[in-house]
>>> print(open('coords-v1.txt').read())   # compact mmCIF, N, CA and C atoms and all ligand atoms
# COMPACT_ATOMS: atom_id res chain seq x y z
N MET B 14 2.38 15.27 -14.66
CA MET B 14 2.27 15.79 -13.28
C MET B 14 3.59 15.59 -12.54
N ASP B 15 4.01 16.59 -11.82
CA ASP B 15 5.31 16.53 -11.16
C ASP B 15 5.15 15.93 -9.76
N CYS B 16 4.96 14.61 -9.74
CA CYS B 16 4.73 13.94 -8.45
C CYS B 16 5.76 12.83 -8.27
N LEU B 17 6.51 12.90 -7.19
CA LEU B 17 7.57 11.91 -6.93
C LEU B 17 7.03 10.48 -6.94
N PHE B 18 5.92 10.25 -6.25
CA PHE B 18 5.44 8.87 -6.16
C PHE B 18 4.81 8.39 -7.46
N CYS B 19 4.18 9.28 -8.23
CA CYS B 19 3.72 8.87 -9.57
C CYS B 19 4.91 8.45 -10.42
N LYS B 20 6.03 9.16 -10.28
CA LYS B 20 7.24 8.81 -11.05
C LYS B 20 7.84 7.49 -10.58
N ILE B 21 7.82 7.24 -9.29
CA ILE B 21 8.32 5.96 -8.77
C ILE B 21 7.44 4.82 -9.27
N ILE B 22 6.12 5.00 -9.21
CA ILE B 22 5.18 3.96 -9.70
C ILE B 22 5.43 3.68 -11.19
N ALA B 23 5.70 4.75 -11.94
CA ALA B 23 5.92 4.61 -13.39
C ALA B 23 7.31 4.06 -13.71
N GLY B 24 8.17 3.92 -12.70
CA GLY B 24 9.52 3.41 -12.92
C GLY B 24 10.49 4.47 -13.43
N GLU B 25 10.07 5.72 -13.38
CA GLU B 25 10.94 6.81 -13.87
C GLU B 25 11.98 7.21 -12.83
N ILE B 26 11.69 6.89 -11.56
CA ILE B 26 12.64 7.11 -10.47
C ILE B 26 12.80 5.76 -9.78
N PRO B 27 14.05 5.34 -9.50
CA PRO B 27 14.25 4.01 -8.93
C PRO B 27 13.73 3.87 -7.50
N SER B 28 13.33 2.66 -7.17
CA SER B 28 12.90 2.37 -5.80
C SER B 28 13.20 0.90 -5.53
N THR B 29 13.22 0.54 -4.25
CA THR B 29 13.40 -0.86 -3.88
C THR B 29 12.01 -1.45 -3.70
N LYS B 30 11.54 -2.09 -4.76
CA LYS B 30 10.15 -2.59 -4.78
C LYS B 30 10.00 -3.82 -3.90
N ILE B 31 8.91 -3.82 -3.15
CA ILE B 31 8.56 -4.95 -2.28
C ILE B 31 7.39 -5.72 -2.88
N TYR B 32 6.47 -5.00 -3.51
CA TYR B 32 5.23 -5.63 -4.00
C TYR B 32 4.57 -4.67 -4.98
N GLU B 33 3.87 -5.26 -5.95
CA GLU B 33 3.10 -4.43 -6.89
C GLU B 33 1.93 -5.22 -7.42
N ASP B 34 0.77 -4.59 -7.53
CA ASP B 34 -0.34 -5.17 -8.28
C ASP B 34 -1.04 -4.05 -9.03
N GLU B 35 -2.26 -4.31 -9.48
CA GLU B 35 -2.98 -3.32 -10.29
C GLU B 35 -3.26 -2.02 -9.53
N TYR B 36 -3.38 -2.13 -8.20
CA TYR B 36 -3.85 -1.00 -7.41
C TYR B 36 -2.80 -0.35 -6.52
N VAL B 37 -1.80 -1.14 -6.13
CA VAL B 37 -0.89 -0.71 -5.06
C VAL B 37 0.56 -0.96 -5.44
N TYR B 38 1.42 -0.03 -5.07
CA TYR B 38 2.88 -0.17 -5.24
C TYR B 38 3.51 0.00 -3.87
N VAL B 39 4.40 -0.94 -3.53
CA VAL B 39 5.03 -0.91 -2.20
C VAL B 39 6.55 -0.91 -2.37
N PHE B 40 7.22 -0.01 -1.67
CA PHE B 40 8.69 0.06 -1.77
C PHE B 40 9.26 0.51 -0.43
N LYS B 41 10.59 0.34 -0.30
CA LYS B 41 11.24 0.71 0.95
C LYS B 41 11.38 2.21 1.08
N ASP B 42 11.09 2.73 2.27
CA ASP B 42 11.33 4.14 2.52
C ASP B 42 12.83 4.40 2.46
N ILE B 43 13.20 5.49 1.83
CA ILE B 43 14.62 5.82 1.64
C ILE B 43 15.28 6.24 2.96
N ASN B 44 14.48 6.61 3.93
CA ASN B 44 15.01 7.09 5.21
C ASN B 44 14.27 6.38 6.36
N PRO B 45 14.55 5.07 6.53
CA PRO B 45 13.73 4.27 7.44
C PRO B 45 13.86 4.68 8.90
N ILE B 46 12.75 4.61 9.61
CA ILE B 46 12.75 4.93 11.05
C ILE B 46 12.67 3.66 11.90
N ALA B 47 12.65 2.50 11.25
CA ALA B 47 12.60 1.22 11.95
C ALA B 47 13.18 0.19 11.00
N PRO B 48 13.53 -1.01 11.50
CA PRO B 48 14.11 -2.03 10.63
C PRO B 48 13.24 -2.35 9.40
N ILE B 49 11.94 -2.35 9.58
CA ILE B 49 11.04 -2.48 8.43
C ILE B 49 10.29 -1.17 8.28
N HIS B 50 10.42 -0.55 7.12
CA HIS B 50 9.71 0.70 6.85
C HIS B 50 9.39 0.73 5.36
N TYR B 51 8.14 0.34 5.06
CA TYR B 51 7.69 0.32 3.67
C TYR B 51 6.69 1.45 3.45
N LEU B 52 6.61 1.89 2.21
CA LEU B 52 5.58 2.86 1.82
C LEU B 52 4.60 2.14 0.91
N LEU B 53 3.32 2.17 1.28
CA LEU B 53 2.26 1.56 0.48
C LEU B 53 1.53 2.69 -0.23
N VAL B 54 1.58 2.65 -1.56
CA VAL B 54 1.10 3.79 -2.34
C VAL B 54 0.06 3.33 -3.35
N PRO B 55 -1.15 3.88 -3.29
CA PRO B 55 -2.13 3.52 -4.32
C PRO B 55 -1.71 4.07 -5.68
N LYS B 56 -2.02 3.29 -6.72
CA LYS B 56 -1.63 3.68 -8.08
C LYS B 56 -2.65 4.63 -8.69
N ILE B 57 -3.00 5.63 -7.93
CA ILE B 57 -3.89 6.69 -8.42
C ILE B 57 -3.44 7.93 -7.67
N HIS B 58 -3.38 9.05 -8.37
CA HIS B 58 -2.89 10.25 -7.68
C HIS B 58 -3.99 10.88 -6.84
N ILE B 59 -3.90 10.62 -5.54
CA ILE B 59 -4.75 11.28 -4.55
C ILE B 59 -3.76 12.05 -3.67
N ALA B 60 -3.95 13.33 -3.47
CA ALA B 60 -2.93 14.14 -2.79
C ALA B 60 -2.80 13.77 -1.31
N ASP B 61 -3.92 13.60 -0.66
CA ASP B 61 -3.88 13.26 0.76
C ASP B 61 -5.20 12.63 1.17
N ALA B 62 -5.34 12.31 2.46
CA ALA B 62 -6.52 11.56 2.91
C ALA B 62 -7.82 12.33 2.67
N ASN B 63 -7.74 13.64 2.57
CA ASN B 63 -8.95 14.42 2.27
C ASN B 63 -9.44 14.22 0.84
N GLY B 64 -8.61 13.60 0.02
CA GLY B 64 -9.00 13.36 -1.38
C GLY B 64 -9.65 12.01 -1.59
N ILE B 65 -9.89 11.27 -0.51
CA ILE B 65 -10.55 9.97 -0.64
C ILE B 65 -12.05 10.19 -0.86
N THR B 66 -12.57 9.51 -1.89
CA THR B 66 -13.98 9.67 -2.27
C THR B 66 -14.62 8.29 -2.46
N PRO B 67 -15.95 8.25 -2.61
CA PRO B 67 -16.58 6.95 -2.90
C PRO B 67 -16.03 6.32 -4.19
N GLU B 68 -15.59 7.14 -5.13
CA GLU B 68 -15.08 6.62 -6.42
C GLU B 68 -13.70 5.99 -6.29
N ASN B 69 -12.86 6.51 -5.39
CA ASN B 69 -11.48 5.99 -5.35
C ASN B 69 -11.16 5.20 -4.07
N SER B 70 -12.11 5.07 -3.17
CA SER B 70 -11.78 4.48 -1.86
C SER B 70 -11.40 3.01 -1.94
N HIS B 71 -11.76 2.35 -3.06
CA HIS B 71 -11.34 0.93 -3.17
C HIS B 71 -9.81 0.82 -3.25
N TYR B 72 -9.15 1.84 -3.75
CA TYR B 72 -7.68 1.82 -3.77
C TYR B 72 -7.13 1.80 -2.34
N ILE B 73 -7.79 2.50 -1.44
CA ILE B 73 -7.33 2.56 -0.05
C ILE B 73 -7.58 1.22 0.63
N ALA B 74 -8.73 0.64 0.35
CA ALA B 74 -9.01 -0.70 0.90
C ALA B 74 -7.95 -1.69 0.44
N LYS B 75 -7.55 -1.57 -0.83
CA LYS B 75 -6.51 -2.47 -1.37
C LYS B 75 -5.20 -2.30 -0.62
N VAL B 76 -4.86 -1.06 -0.24
CA VAL B 76 -3.63 -0.81 0.52
C VAL B 76 -3.63 -1.68 1.78
N PHE B 77 -4.75 -1.73 2.47
CA PHE B 77 -4.81 -2.49 3.72
C PHE B 77 -4.82 -4.00 3.46
N GLU B 78 -5.44 -4.42 2.36
CA GLU B 78 -5.36 -5.84 1.98
C GLU B 78 -3.91 -6.23 1.73
N VAL B 79 -3.19 -5.37 1.04
CA VAL B 79 -1.79 -5.64 0.70
C VAL B 79 -0.93 -5.64 1.97
N ALA B 80 -1.21 -4.74 2.89
CA ALA B 80 -0.45 -4.72 4.15
C ALA B 80 -0.60 -6.06 4.87
N ALA B 81 -1.80 -6.57 4.93
CA ALA B 81 -2.03 -7.86 5.61
C ALA B 81 -1.30 -8.99 4.89
N LYS B 82 -1.31 -8.94 3.58
CA LYS B 82 -0.62 -9.96 2.77
C LYS B 82 0.89 -9.93 3.01
N ILE B 83 1.45 -8.73 3.01
CA ILE B 83 2.90 -8.59 3.24
C ILE B 83 3.24 -9.05 4.65
N ALA B 84 2.43 -8.65 5.62
CA ALA B 84 2.69 -9.03 7.01
C ALA B 84 2.70 -10.55 7.16
N GLU B 85 1.78 -11.20 6.48
CA GLU B 85 1.73 -12.66 6.57
C GLU B 85 2.94 -13.29 5.87
N GLU B 86 3.21 -12.81 4.66
CA GLU B 86 4.30 -13.43 3.87
C GLU B 86 5.66 -13.17 4.50
N GLU B 87 5.85 -12.03 5.12
CA GLU B 87 7.16 -11.70 5.69
C GLU B 87 7.22 -11.98 7.19
N ASN B 88 6.18 -12.65 7.72
CA ASN B 88 6.16 -12.98 9.15
C ASN B 88 6.36 -11.76 10.03
N ILE B 89 5.57 -10.75 9.79
CA ILE B 89 5.63 -9.52 10.59
C ILE B 89 4.43 -9.55 11.53
N PRO B 90 4.62 -9.91 12.80
CA PRO B 90 3.47 -10.11 13.67
C PRO B 90 2.81 -8.81 14.13
N SER B 91 3.63 -7.77 14.30
CA SER B 91 3.10 -6.49 14.78
C SER B 91 3.64 -5.37 13.91
N TYR B 92 2.78 -4.43 13.63
CA TYR B 92 3.25 -3.30 12.82
C TYR B 92 2.32 -2.11 13.00
N LYS B 93 2.84 -0.95 12.64
CA LYS B 93 2.03 0.26 12.60
C LYS B 93 1.80 0.64 11.15
N ILE B 94 0.61 1.19 10.85
CA ILE B 94 0.38 1.83 9.57
C ILE B 94 0.06 3.28 9.85
N ILE B 95 0.83 4.16 9.23
CA ILE B 95 0.69 5.59 9.52
C ILE B 95 0.44 6.36 8.23
N ASN B 96 -0.53 7.24 8.29
CA ASN B 96 -0.76 8.18 7.20
C ASN B 96 -0.67 9.59 7.76
N ASN B 97 0.19 10.40 7.18
CA ASN B 97 0.27 11.82 7.54
C ASN B 97 -0.57 12.61 6.55
N CYS B 98 -1.52 13.36 7.05
CA CYS B 98 -2.38 14.17 6.18
C CYS B 98 -2.14 15.64 6.48
N GLY B 99 -1.43 16.30 5.59
CA GLY B 99 -1.17 17.74 5.75
C GLY B 99 0.21 18.02 6.32
N LYS B 100 0.73 19.20 5.98
CA LYS B 100 2.10 19.59 6.36
C LYS B 100 2.35 19.48 7.86
N ASP B 101 1.46 20.02 8.68
CA ASP B 101 1.70 20.03 10.12
C ASP B 101 1.62 18.64 10.73
N ALA B 102 1.04 17.70 10.00
CA ALA B 102 1.02 16.30 10.46
C ALA B 102 2.29 15.57 10.02
N GLY B 103 3.13 16.25 9.23
CA GLY B 103 4.38 15.63 8.79
C GLY B 103 4.38 15.15 7.36
N GLN B 104 3.31 15.45 6.61
CA GLN B 104 3.29 15.01 5.21
C GLN B 104 4.27 15.83 4.38
N THR B 105 5.12 15.13 3.65
CA THR B 105 6.09 15.83 2.78
C THR B 105 5.92 15.48 1.31
N VAL B 106 5.29 14.33 1.04
CA VAL B 106 5.02 13.95 -0.35
C VAL B 106 3.51 13.91 -0.53
N PHE B 107 3.03 14.71 -1.49
CA PHE B 107 1.59 14.90 -1.60
C PHE B 107 0.95 13.98 -2.65
N HIS B 108 1.26 12.71 -2.46
CA HIS B 108 0.57 11.59 -3.10
C HIS B 108 0.30 10.64 -1.94
N ILE B 109 -0.94 10.38 -1.66
CA ILE B 109 -1.29 9.66 -0.43
C ILE B 109 -0.48 8.36 -0.33
N HIS B 110 -0.01 8.09 0.89
CA HIS B 110 0.78 6.88 1.13
C HIS B 110 0.66 6.49 2.59
N PHE B 111 0.96 5.22 2.84
CA PHE B 111 0.82 4.66 4.18
C PHE B 111 2.15 4.03 4.56
N HIS B 112 2.70 4.47 5.69
CA HIS B 112 3.94 3.90 6.19
C HIS B 112 3.61 2.61 6.93
N LEU B 113 4.25 1.52 6.54
CA LEU B 113 4.16 0.28 7.32
C LEU B 113 5.49 0.15 8.03
N ILE B 114 5.46 0.23 9.35
CA ILE B 114 6.73 0.20 10.10
C ILE B 114 6.66 -0.89 11.16
N SER B 115 7.80 -1.56 11.31
CA SER B 115 7.87 -2.68 12.26
C SER B 115 9.32 -2.99 12.57
N GLY B 116 9.50 -3.95 13.47
CA GLY B 116 10.84 -4.44 13.76
C GLY B 116 11.48 -3.77 14.95
N LYS B 117 10.74 -2.97 15.66
CA LYS B 117 11.23 -2.44 16.92
C LYS B 117 10.03 -2.30 17.86
N ARG B 118 10.32 -2.07 19.11
CA ARG B 118 9.25 -1.93 20.09
C ARG B 118 8.80 -0.48 20.10
N PHE B 119 7.51 -0.25 19.87
CA PHE B 119 6.99 1.10 19.85
C PHE B 119 6.30 1.42 21.16
N LYS B 120 6.17 2.69 21.43
CA LYS B 120 5.37 3.08 22.59
C LYS B 120 3.92 2.70 22.33
N GLU B 121 3.10 2.76 23.37
CA GLU B 121 1.81 2.09 23.25
C GLU B 121 0.89 2.64 22.16
N HIS B 122 0.67 3.92 22.16
CA HIS B 122 -0.25 4.42 21.13
C HIS B 122 -0.25 5.94 21.05
N LYS B 123 -0.52 6.41 19.87
CA LYS B 123 -0.85 7.80 19.59
C LYS B 123 0.22 8.81 20.04
N ASN B 124 1.44 8.36 20.25
CA ASN B 124 2.47 9.35 20.59
C ASN B 124 2.96 10.02 19.32
N ALA B 125 3.15 11.31 19.38
CA ALA B 125 3.43 12.10 18.19
C ALA B 125 4.74 11.70 17.52
N ASP B 126 5.71 11.21 18.30
CA ASP B 126 7.01 10.89 17.71
C ASP B 126 7.12 9.47 17.20
N ILE B 127 6.07 8.68 17.32
CA ILE B 127 6.02 7.27 16.97
C ILE B 127 6.86 6.38 17.88
P1 LIG N 201 5.52 11.70 4.55
O1 LIG N 201 6.48 12.53 5.37
O2 LIG N 201 4.46 11.02 5.35
O3 LIG N 201 4.96 12.50 3.39
O4 LIG N 201 6.38 10.52 3.96
C1 LIG N 201 7.21 10.65 2.85
C2 LIG N 201 8.23 9.57 2.95
O5 LIG N 201 8.82 9.38 1.67
C3 LIG N 201 9.39 9.89 3.91
O6 LIG N 201 9.42 8.91 4.94
C4 LIG N 201 10.63 9.82 3.02
O7 LIG N 201 11.73 9.25 3.67
C5 LIG N 201 10.15 9.00 1.84
N1 LIG N 201 10.81 9.25 0.57
C6 LIG N 201 11.06 10.45 -0.01
N2 LIG N 201 11.66 10.27 -1.21
C7 LIG N 201 11.79 8.92 -1.38
C8 LIG N 201 12.33 8.10 -2.42
N3 LIG N 201 12.86 8.61 -3.53
N4 LIG N 201 12.30 6.76 -2.24
C9 LIG N 201 11.77 6.23 -1.12
N5 LIG N 201 11.23 6.95 -0.11
C10 LIG N 201 11.24 8.26 -0.24
ZN ZN N 202 1.18 11.17 -7.65
>>> encode(input="coords-v1.txt", output="structure tokens")
Amino acid sequence: MDCLFCKIIAGEIPSTKIYEDEYVYVFKDINPIAPIHYLLVPKIHIADANGITPENSHYIAKVFEVAAKIAEEENIPSYKIINNCGKDAGQTVFHIHFHLISGKRFKEHKNADI
């Protein structure tokens, strides 16, 4: 399958790895929008949030467990987790992923530009 994030998970394309376990791969975004900008990617090819099902949703739960673990270990007190679902929402890589961003002051909530 010609998927950028499947290739990164498989080690076929280099990445700056932050964390990995059986379910989740975490690496630095190549084009960060804040001092901390990680991508949390489940190790199963789900194209976007509409592909979450009762069979695969445990991978998504693991993503959030890992986010909490990283936040604790790296002393990140506040952060945003963002998922873009669909082109008009800003999704450019069609393997579901969650942006963990921190290290700057964000506007209060739900602003389109973050
Ligand atoms: P999205 O726009 O939500 O689909 O997010 C895709 C993200 O992947 C963007 O923030 C890109 O900067 C990032 N990205 C694209 N290619 C790479 C890569 N090779 N390594 C790390 N991050 C990447
Ligand atoms: Zn994939």
>>> residues_around(input="coords-v1.txt", residues="region 38-50 of chain B", least_positions_apart="6", cutoff="7 Å", atoms="only N, CA and C atoms", output="list in words")
Ile22, Ser28, Thr29, Lys30, Ile31, Tyr32, Lys56, His112, Leu113, Ile114, Ser115, Gly116 and Lys117 of chain B
>>> select_by_dssp(input="coords-v1.txt", residues="chain B", states="strand (DSSP E)", output="PyMOL selection string")
chain B and resi 30-33+37-41+49-55+93-95+111-115
>>> atom_distance(input="coords-v1.txt", atom1="atom N of Ile89 (chain B)", atom2="atom N of Glu35 (chain B)")
21.8 Å
>>> residues_near_ligand(input="coords-v1.txt", ligand="ligand ZN 202 (chain N)", cutoff="6 Å", atoms="only N, CA and C atoms and all ligand atoms", output="list in words")
Cys16, Leu17, Phe18, Cys19, Lys20, Ile57, His58, Ile59, Phe107 and His108 of chain B
>>> closest_residue(input="coords-v1.txt", among="B:Pro67, B:Ile21, B:Ala84, B:Glu78", to="ligand LIG 201 (chain N)", atoms="all atoms listed in the file")
B:Ile21
>>> closest_residue(input="coords-v1.txt", among="B:Ala74, B:Ile94, B:Ile83, B:Ile26", to="ligand LIG 201 (chain N)", atoms="all atoms listed in the file")
B:Ile26
>>> closest_residue(input="coords-v1.txt", among="B:Val37, B:Asp61, B:Ile73, B:Pro27", to="ligand LIG 201 (chain N)", atoms="only N, CA and C atoms and all ligand atoms")
B:Pro27
>>> select_by_dssp(input="coords-v1.txt", residues="chain B", states="helix (DSSP H, G or I)", output="JSON list (two decimals) with N, CA and C atoms, keeping the file's coordinate frame")
[["chain", "number", "residue", "atom", "x", "y", "z"],
["B", 17, "LEU", "N", 6.51, 12.90, -7.19],
["B", 17, "LEU", "CA", 7.57, 11.91, -6.93],
["B", 17, "LEU", "C", 7.03, 10.48, -6.94],
["B", 18, "PHE", "N", 5.92, 10.25, -6.25],
["B", 18, "PHE", "CA", 5.44, 8.87, -6.16],
["B", 18, "PHE", "C", 4.81, 8.39, -7.46],
["B", 19, "CYS", "N", 4.18, 9.28, -8.23],
["B", 19, "CYS", "CA", 3.72, 8.87, -9.57],
["B", 19, "CYS", "C", 4.91, 8.45, -10.42],
["B", 20, "LYS", "N", 6.03, 9.16, -10.28],
["B", 20, "LYS", "CA", 7.24, 8.81, -11.05],
["B", 20, "LYS", "C", 7.84, 7.49, -10.58],
["B", 21, "ILE", "N", 7.82, 7.24, -9.29],
["B", 21, "ILE", "CA", 8.32, 5.96, -8.77],
["B", 21, "ILE", "C", 7.44, 4.82, -9.27],
["B", 22, "ILE", "N", 6.12, 5.00, -9.21],
["B", 22, "ILE", "CA", 5.18, 3.96, -9.70],
["B", 22, "ILE", "C", 5.43, 3.68, -11.19],
["B", 62, "ALA", "N", -5.34, 12.31, 2.46],
["B", 62, "ALA", "CA", -6.52, 11.56, 2.91],
["B", 62, "ALA", "C", -7.82, 12.33, 2.67],
["B", 63, "ASN", "N", -7.74, 13.64, 2.57],
["B", 63, "ASN", "CA", -8.95, 14.42, 2.27],
["B", 63, "ASN", "C", -9.44, 14.22, 0.84],
["B", 64, "GLY", "N", -8.61, 13.60, 0.02],
["B", 64, "GLY", "CA", -9.00, 13.36, -1.38],
["B", 64, "GLY", "C", -9.65, 12.01, -1.59],
["B", 70, "SER", "N", -12.11, 5.07, -3.17],
["B", 70, "SER", "CA", -11.78, 4.48, -1.86],
["B", 70, "SER", "C", -11.40, 3.01, -1.94],
["B", 71, "HIS", "N", -11.76, 2.35, -3.06],
["B", 71, "HIS", "CA", -11.34, 0.93, -3.17],
["B", 71, "HIS", "C", -9.81, 0.82, -3.25],
["B", 72, "TYR", "N", -9.15, 1.84, -3.75],
["B", 72, "TYR", "CA", -7.68, 1.82, -3.77],
["B", 72, "TYR", "C", -7.13, 1.80, -2.34],
["B", 73, "ILE", "N", -7.79, 2.50, -1.44],
["B", 73, "ILE", "CA", -7.33, 2.56, -0.05],
["B", 73, "ILE", "C", -7.58, 1.22, 0.63],
["B", 74, "ALA", "N", -8.73, 0.64, 0.35],
["B", 74, "ALA", "CA", -9.01, -0.70, 0.90],
["B", 74, "ALA", "C", -7.95, -1.69, 0.44],
["B", 75, "LYS", "N", -7.55, -1.57, -0.83],
["B", 75, "LYS", "CA", -6.51, -2.47, -1.37],
["B", 75, "LYS", "C", -5.20, -2.30, -0.62],
["B", 76, "VAL", "N", -4.86, -1.06, -0.24],
["B", 76, "VAL", "CA", -3.63, -0.81, 0.52],
["B", 76, "VAL", "C", -3.63, -1.68, 1.78],
["B", 77, "PHE", "N", -4.75, -1.73, 2.47],
["B", 77, "PHE", "CA", -4.81, -2.49, 3.72],
["B", 77, "PHE", "C", -4.82, -4.00, 3.46],
["B", 78, "GLU", "N", -5.44, -4.42, 2.36],
["B", 78, "GLU", "CA", -5.36, -5.84, 1.98],
["B", 78, "GLU", "C", -3.91, -6.23, 1.73],
["B", 79, "VAL", "N", -3.19, -5.37, 1.04],
["B", 79, "VAL", "CA", -1.79, -5.64, 0.70],
["B", 79, "VAL", "C", -0.93, -5.64, 1.97],
["B", 80, "ALA", "N", -1.21, -4.74, 2.89],
["B", 80, "ALA", "CA", -0.45, -4.72, 4.15],
["B", 80, "ALA", "C", -0.60, -6.06, 4.87],
["B", 81, "ALA", "N", -1.80, -6.57, 4.93],
["B", 81, "ALA", "CA", -2.03, -7.86, 5.61],
["B", 81, "ALA", "C", -1.30, -8.99, 4.89],
["B", 82, "LYS", "N", -1.31, -8.94, 3.58],
["B", 82, "LYS", "CA", -0.62, -9.96, 2.77],
["B", 82, "LYS", "C", 0.89, -9.93, 3.01],
["B", 83, "ILE", "N", 1.45, -8.73, 3.01],
["B", 83, "ILE", "CA", 2.90, -8.59, 3.24],
["B", 83, "ILE", "C", 3.24, -9.05, 4.65],
["B", 84, "ALA", "N", 2.43, -8.65, 5.62],
["B", 84, "ALA", "CA", 2.69, -9.03, 7.01],
["B", 84, "ALA", "C", 2.70, -10.55, 7.16],
["B", 85, "GLU", "N", 1.78, -11.20, 6.48],
["B", 85, "GLU", "CA", 1.73, -12.66, 6.57],
["B", 85, "GLU", "C", 2.94, -13.29, 5.87],
["B", 86, "GLU", "N", 3.21, -12.81, 4.66],
["B", 86, "GLU", "CA", 4.30, -13.43, 3.87],
["B", 86, "GLU", "C", 5.66, -13.17, 4.50],
["B", 100, "LYS", "N", 0.73, 19.20, 5.98],
["B", 100, "LYS", "CA", 2.10, 19.59, 6.36],
["B", 100, "LYS", "C", 2.35, 19.48, 7.86],
["B", 101, "ASP", "N", 1.46, 20.02, 8.68],
["B", 101, "ASP", "CA", 1.70, 20.03, 10.12],
["B", 101, "ASP", "C", 1.62, 18.64, 10.73],
["B", 102, "ALA", "N", 1.04, 17.70, 10.00],
["B", 102, "ALA", "CA", 1.02, 16.30, 10.46],
["B", 102, "ALA", "C", 2.29, 15.57, 10.02]]
>>> closest_residue(input="coords-v1.txt", among="B:Tyr92, B:Leu53, B:Glu33, B:Ala60", to="Met14 (chain B)", atoms="only C-alpha atoms")
B:Ala60
>>> atom_distance(input="coords-v1.txt", atom1="CA of Val54 (chain B)", atom2="CA of Ser91 (chain B)")
20.1 Å
>>> closest_residue(input="coords-v1.txt", among="B:His110, B:Thr105, B:Ile95, B:Arg118", to="ligand LIG 201 (chain N)", atoms="all atoms listed in the file")
B:Thr105
>>> atom_distance(input="coords-v1.txt", atom1="atom C2 of ligand LIG 201 (chain N)", atom2="CA of Val106 (chain B)")
6.4 Å
>>> decode(input="coords-v1.txt", residues="region 73-86 of chain B", atoms="N, CA, C and O atoms", output="PDB file, in the first residue's frame")
ATOM      1  N   ILE B  73      -7.234   3.593  18.783  1.00  0.00           N
ATOM      2  CA  ILE B  73      -7.429   5.031  19.012  1.00  0.00           C
ATOM      3  C   ILE B  73      -7.340   5.323  20.513  1.00  0.00           C
ATOM      4  O   ILE B  73      -6.734   6.314  20.932  1.00  0.00           O
ATOM      5  N   ALA B  74      -7.915   4.446  21.307  1.00  0.00           N
ATOM      6  CA  ALA B  74      -7.793   4.604  22.767  1.00  0.00           C
ATOM      7  C   ALA B  74      -6.326   4.589  23.178  1.00  0.00           C
ATOM      8  O   ALA B  74      -5.891   5.381  24.029  1.00  0.00           O
ATOM      9  N   LYS B  75      -5.558   3.702  22.541  1.00  0.00           N
ATOM     10  CA  LYS B  75      -4.116   3.620  22.853  1.00  0.00           C
ATOM     11  C   LYS B  75      -3.412   4.927  22.526  1.00  0.00           C
ATOM     12  O   LYS B  75      -2.495   5.336  23.232  1.00  0.00           O
ATOM     13  N   VAL B  76      -3.812   5.580  21.429  1.00  0.00           N
ATOM     14  CA  VAL B  76      -3.209   6.864  21.061  1.00  0.00           C
ATOM     15  C   VAL B  76      -3.333   7.841  22.228  1.00  0.00           C
ATOM     16  O   VAL B  76      -2.372   8.532  22.589  1.00  0.00           O
ATOM     17  N   PHE B  77      -4.506   7.891  22.844  1.00  0.00           N
ATOM     18  CA  PHE B  77      -4.713   8.843  23.937  1.00  0.00           C
ATOM     19  C   PHE B  77      -3.984   8.410  25.211  1.00  0.00           C
ATOM     20  O   PHE B  77      -3.507   9.255  25.970  1.00  0.00           O
ATOM     21  N   GLU B  78      -3.882   7.111  25.435  1.00  0.00           N
ATOM     22  CA  GLU B  78      -3.067   6.632  26.563  1.00  0.00           C
ATOM     23  C   GLU B  78      -1.618   7.066  26.385  1.00  0.00           C
ATOM     24  O   GLU B  78      -0.962   7.517  27.331  1.00  0.00           O
ATOM     25  N   VAL B  79      -1.123   6.928  25.163  1.00  0.00           N
ATOM     26  CA  VAL B  79       0.269   7.281  24.868  1.00  0.00           C
ATOM     27  C   VAL B  79       0.473   8.791  24.994  1.00  0.00           C
ATOM     28  O   VAL B  79       1.498   9.244  25.505  1.00  0.00           O
ATOM     29  N   ALA B  80      -0.502   9.568  24.566  1.00  0.00           N
ATOM     30  CA  ALA B  80      -0.390  11.031  24.699  1.00  0.00           C
ATOM     31  C   ALA B  80      -0.220  11.407  26.170  1.00  0.00           C
ATOM     32  O   ALA B  80       0.652  12.219  26.521  1.00  0.00           O
ATOM     33  N   ALA B  81      -1.012  10.807  27.028  1.00  0.00           N
ATOM     34  CA  ALA B  81      -0.917  11.111  28.465  1.00  0.00           C
ATOM     35  C   ALA B  81       0.439  10.699  29.025  1.00  0.00           C
ATOM     36  O   ALA B  81       1.039  11.411  29.843  1.00  0.00           O
ATOM     37  N   LYS B  82       0.924   9.562  28.568  1.00  0.00           N
ATOM     38  CA  LYS B  82       2.237   9.058  29.020  1.00  0.00           C
ATOM     39  C   LYS B  82       3.360  10.007  28.588  1.00  0.00           C
ATOM     40  O   LYS B  82       4.230  10.361  29.385  1.00  0.00           O
ATOM     41  N   ILE B  83       3.317  10.435  27.342  1.00  0.00           N
ATOM     42  CA  ILE B  83       4.346  11.352  26.835  1.00  0.00           C
ATOM     43  C   ILE B  83       4.264  12.683  27.583  1.00  0.00           C
ATOM     44  O   ILE B  83       5.286  13.249  27.980  1.00  0.00           O
ATOM     45  N   ALA B  84       3.054  13.173  27.783  1.00  0.00           N
ATOM     46  CA  ALA B  84       2.883  14.458  28.473  1.00  0.00           C
ATOM     47  C   ALA B  84       3.470  14.385  29.878  1.00  0.00           C
ATOM     48  O   ALA B  84       4.140  15.320  30.332  1.00  0.00           O
ATOM     49  N   GLU B  85       3.263  13.267  30.543  1.00  0.00           N
ATOM     50  CA  GLU B  85       3.807  13.125  31.892  1.00  0.00           C
ATOM     51  C   GLU B  85       5.335  13.023  31.858  1.00  0.00           C
ATOM     52  O   GLU B  85       6.041  13.728  32.571  1.00  0.00           O
ATOM     53  N   GLU B  86       5.829  12.176  30.963  1.00  0.00           N
ATOM     54  CA  GLU B  86       7.285  11.940  30.926  1.00  0.00           C
ATOM     55  C   GLU B  86       8.048  13.177  30.466  1.00  0.00           C
ATOM     56  O   GLU B  86       9.172  13.408  30.893  1.00  0.00           O
TER      57      GLU B  86
END
